[in-house]
Amino acid sequence: MTQTSSSKIGYDVTTLTPHQNYKLLCGSVVPRPIAWVSCRSLEGMSNIAPFSFFNIVCTDPPMLAFSVSKPLVQGKAVKDTLAFVRRSREFVVNIPTAELIDELVLTSIEYEPDVDEFDAAGLTALPCHRVAAPRIGEAPVSFECVLHSAIDLGASTLVLGRVVYAHFRDGLVAEDCKPDPRKLRPLGRMPGPRFSTEMNIVLRAAALSDPDAGIHSTVVWHRDESR
Ligand SMILES: Cc1cc2nc3c(=O)[nH]c(=O)nc-3n(C[C@H](O)[C@H](O)[C@H](O)COP(=O)(O)O)c2cc1C
């Protein structure tokens with residue numbers, strides 16, 4: 001740890017332990033969206049697990065990605081999600097809400113592969129349109145995905161999926177494919193066992209670029225919609 005200026009501390013992350021780097025990153029990149037991933041083995045066993053190393057990585061074509069670390073369970077080589085997705089090449093990213101926090105935490109337990117986490121958490125498995133994996137009936141949004149690639153990155157594997165179908169709860173998509181985040185109430189991941197459940201939404205928009213007027217990235221201030 002070094003003092004880089006009077007008000008900042010610097011870390012040479014190459015000298016830190018993986019756990020120290022985990023804490024630095026996971027305490028800074030917050031709140032993180034959560035992919036509540038449901039999938040199915042080739043033998044027909046269903047699985048659910050949450051992953052907060054998750055985001056959109058492309059919109060044309062629409063693609064999502066999440067990253068899977070090594071299991072905590074001794075003697076297990078990979079988490080069930082990764083093992084199932086690698087073989088079935090399909091999965092569903094469901095978006096969890098604040099009301100589903102207890103069910104979500106239950107699905108983060110590292111069960112044996114023969115435990116159906118829909119049963120363990122009391123969740124409803126619904127059929128999908130384009131993939132054999134089930135979606136979570138209680139989730140307001142579900143994206144059916146086919147595996148694009150799985151990239152090993154040291155101790156984690158980045159799973160990239162192409163979205164092939166999307167489900168939204170009635171009333172959530174207001175107009176022209178715009179889901180309303182206030183109605184969604186998504187759950188966010190904070191450090192350790194903490195979650196964020198509320199959003200304060202404010203409006204800001206950059207002006208359209210107008211080089212003749214010398215405008216490149218000016219911010220236009222809008223009415224505050226946070227209340
Ligand atoms: C909110 C939350 C977010 C999580 N994010 C991740 C993640 O990004 N990557 C990961 O490998 N594990 C993550 N976990 C842990 C997995 O959900 C957990 O290891 C799970 O049991 C894996 O299940 P599986 O073996 O059925 O795939 C997270 C857990 C919680 C509660």
# chains A, B, ... in the order shown; residues from 1 in each chain; ligands from 1
>>> select_by_dssp(residues="segment 119-221 of chain A", states="strand (DSSP E)", output="count of residues only")
45
>>> residues_near_ligand(ligand="ligand 1", cutoff="6 Å", atoms="only C-alpha atoms and all ligand atoms", output="JSON, numbers by chain")
{"A": [47, 48, 49, 50, 51, 52, 53, 67, 68, 69, 71, 79, 80, 81, 105, 108, 109, 110, 189]}
>>> write_last_selection(atoms="N, CA and C atoms", output="PDB file, in the first residue's frame")
ATOM      1  N   ASN A  47     -31.082 -26.669 -12.656  1.00  0.00           N
ATOM      2  CA  ASN A  47     -30.152 -25.992 -11.746  1.00  0.00           C
ATOM      3  C   ASN A  47     -30.399 -24.493 -11.787  1.00  0.00           C
ATOM      4  N   ILE A  48     -30.225 -23.849 -10.620  1.00  0.00           N
ATOM      5  CA  ILE A  48     -30.303 -22.376 -10.567  1.00  0.00           C
ATOM      6  C   ILE A  48     -29.153 -21.877  -9.699  1.00  0.00           C
ATOM      7  N   ALA A  49     -28.535 -20.754 -10.091  1.00  0.00           N
ATOM      8  CA  ALA A  49     -27.538 -20.092  -9.238  1.00  0.00           C
ATOM      9  C   ALA A  49     -27.431 -18.616  -9.619  1.00  0.00           C
ATOM     10  N   PRO A  50     -27.156 -17.740  -8.621  1.00  0.00           N
ATOM     11  CA  PRO A  50     -26.951 -16.320  -8.936  1.00  0.00           C
ATOM     12  C   PRO A  50     -25.485 -16.010  -9.257  1.00  0.00           C
ATOM     13  N   PHE A  51     -25.282 -15.071 -10.191  1.00  0.00           N
ATOM     14  CA  PHE A  51     -23.934 -14.633 -10.571  1.00  0.00           C
ATOM     15  C   PHE A  51     -23.946 -13.110 -10.733  1.00  0.00           C
ATOM     16  N   SER A  52     -23.144 -12.422  -9.923  1.00  0.00           N
ATOM     17  CA  SER A  52     -23.141 -10.957  -9.990  1.00  0.00           C
ATOM     18  C   SER A  52     -21.968 -10.407 -10.806  1.00  0.00           C
ATOM     19  N   PHE A  53     -21.077 -11.278 -11.266  1.00  0.00           N
ATOM     20  CA  PHE A  53     -20.079 -10.835 -12.241  1.00  0.00           C
ATOM     21  C   PHE A  53     -20.796 -10.993 -13.590  1.00  0.00           C
ATOM     22  N   SER A  67     -19.588 -14.569 -15.103  1.00  0.00           N
ATOM     23  CA  SER A  67     -18.328 -15.257 -14.845  1.00  0.00           C
ATOM     24  C   SER A  67     -18.465 -16.192 -13.651  1.00  0.00           C
ATOM     25  N   VAL A  68     -17.929 -17.387 -13.815  1.00  0.00           N
ATOM     26  CA  VAL A  68     -18.069 -18.455 -12.818  1.00  0.00           C
ATOM     27  C   VAL A  68     -16.706 -18.760 -12.211  1.00  0.00           C
ATOM     28  N   SER A  69     -16.618 -18.659 -10.884  1.00  0.00           N
ATOM     29  CA  SER A  69     -15.354 -18.981 -10.214  1.00  0.00           C
ATOM     30  C   SER A  69     -15.337 -20.453  -9.841  1.00  0.00           C
ATOM     31  N   PRO A  71     -15.547 -23.800  -7.532  1.00  0.00           N
ATOM     32  CA  PRO A  71     -16.450 -24.089  -6.409  1.00  0.00           C
ATOM     33  C   PRO A  71     -15.718 -24.047  -5.071  1.00  0.00           C
ATOM     34  N   LYS A  79     -18.378 -25.505 -10.922  1.00  0.00           N
ATOM     35  CA  LYS A  79     -19.742 -25.336 -10.432  1.00  0.00           C
ATOM     36  C   LYS A  79     -20.709 -26.000 -11.423  1.00  0.00           C
ATOM     37  N   ASP A  80     -21.858 -26.417 -10.886  1.00  0.00           N
ATOM     38  CA  ASP A  80     -22.828 -27.141 -11.716  1.00  0.00           C
ATOM     39  C   ASP A  80     -23.261 -26.309 -12.923  1.00  0.00           C
ATOM     40  N   THR A  81     -23.466 -25.010 -12.718  1.00  0.00           N
ATOM     41  CA  THR A  81     -23.907 -24.153 -13.827  1.00  0.00           C
ATOM     42  C   THR A  81     -22.950 -24.281 -15.008  1.00  0.00           C
ATOM     43  N   VAL A 105     -31.037 -16.396  -2.362  1.00  0.00           N
ATOM     44  CA  VAL A 105     -29.946 -16.818  -1.473  1.00  0.00           C
ATOM     45  C   VAL A 105     -29.949 -18.345  -1.333  1.00  0.00           C
ATOM     46  N   SER A 108     -28.024 -20.019  -3.964  1.00  0.00           N
ATOM     47  CA  SER A 108     -26.570 -19.808  -4.005  1.00  0.00           C
ATOM     48  C   SER A 108     -25.823 -20.862  -3.189  1.00  0.00           C
ATOM     49  N   ILE A 109     -26.565 -21.772  -2.555  1.00  0.00           N
ATOM     50  CA  ILE A 109     -25.922 -22.873  -1.826  1.00  0.00           C
ATOM     51  C   ILE A 109     -25.344 -23.846  -2.849  1.00  0.00           C
ATOM     52  N   GLU A 110     -24.120 -24.316  -2.596  1.00  0.00           N
ATOM     53  CA  GLU A 110     -23.502 -25.253  -3.550  1.00  0.00           C
ATOM     54  C   GLU A 110     -24.013 -26.662  -3.286  1.00  0.00           C
ATOM     55  N   ARG A 189     -26.059  -6.582  -6.025  1.00  0.00           N
ATOM     56  CA  ARG A 189     -25.110  -7.223  -5.099  1.00  0.00           C
ATOM     57  C   ARG A 189     -24.168  -6.173  -4.533  1.00  0.00           C
TER      58      ARG A 189
END
>>> closest_residue(among="A:Ile201, A:Leu82, A:Ala132, A:Ile151", to="Leu42 of chain A", atoms="only C-alpha atoms")
A:Ala132
>>> select_by_dssp(residues="segment 40-95 of chain A", states="helix (DSSP H, G or I)", output="list in words")
Asp80, Thr81, Leu82, Ala83, Phe84, Val85, Arg86, Arg87 and Ser88 of chain A
>>> write_last_selection(atoms="C-alpha atoms", output="PDB file, in the first residue's frame")
ATOM      1  CA  ASP A  80     -22.828 -27.141 -11.716  1.00  0.00           C
ATOM      2  CA  THR A  81     -23.907 -24.153 -13.827  1.00  0.00           C
ATOM      3  CA  LEU A  82     -20.679 -24.208 -15.820  1.00  0.00           C
ATOM      4  CA  ALA A  83     -20.683 -28.008 -16.178  1.00  0.00           C
ATOM      5  CA  PHE A  84     -24.334 -28.046 -17.363  1.00  0.00           C
ATOM      6  CA  VAL A  85     -23.980 -25.038 -19.709  1.00  0.00           C
ATOM      7  CA  ARG A  86     -20.801 -26.365 -21.321  1.00  0.00           C
ATOM      8  CA  ARG A  87     -22.594 -29.576 -22.287  1.00  0.00           C
ATOM      9  CA  SER A  88     -26.134 -28.344 -23.022  1.00  0.00           C
TER      10      SER A  88
END
>>> residues_around(residues="segment 119-126 of chain A", least_positions_apart="6", cutoff="6 Å", atoms="only C-alpha atoms", output="MDAnalysis selection string")
chainID A and resid 103 106 134:137
>>> closest_residue(among="A:Leu158, A:Val57, A:Ala98, A:Val13", to="Ser196 of chain A", atoms="only C-alpha atoms")
A:Ala98
>>> closest_atom_pairs(of="segment 28-112 of chain A", to="segment 162-178 of chain A", cutoff="8 Å", atoms="only C-alpha atoms", output="Markdown table")
| residue | atom | partner | partner_atom | distance |
| --- | --- | --- | --- | --- |
| A:Pro61 | CA | A:Arg162 | CA | 7.1 |
| A:Pro62 | CA | A:Val163 | CA | 5.5 |
| A:Met63 | CA | A:Arg162 | CA | 4.5 |
| A:Leu64 | CA | A:Arg162 | CA | 6.6 |
>>> closest_residue(among="A:Met190, A:Cys128, A:Met199, A:Pro113", to="Glu43 of chain A", atoms="only C-alpha atoms")
A:Pro113
>>> residues_around(residues="Leu160 of chain A", least_positions_apart="5", cutoff="8 Å", atoms="only C-alpha atoms", output="ChimeraX atom specification")
/A:63-66,147-150
>>> closest_residue(among="A:Leu100, A:Gln20, A:Val115, A:Ser6", to="Ser46 of chain A", atoms="only C-alpha atoms")
A:Val115
>>> atom_distance(atom1="atom CA of Phe195 of chain A", atom2="atom CA of Gly75 of chain A")
29.7 Å
>>> closest_residue(among="A:Val141, A:Leu104, A:Val73, A:Cys58", to="Pro179 of chain A", atoms="only C-alpha atoms")
A:Val141
>>> closest_residue(among="A:Ser7, A:Met1, A:Pro127, A:Ala139", to="Ala35 of chain A", atoms="only C-alpha atoms")
A:Ala139
>>> atom_distance(atom1="atom CA of Arg194 of chain A", atom2="atom CA of Ile34 of chain A")
12.7 Å
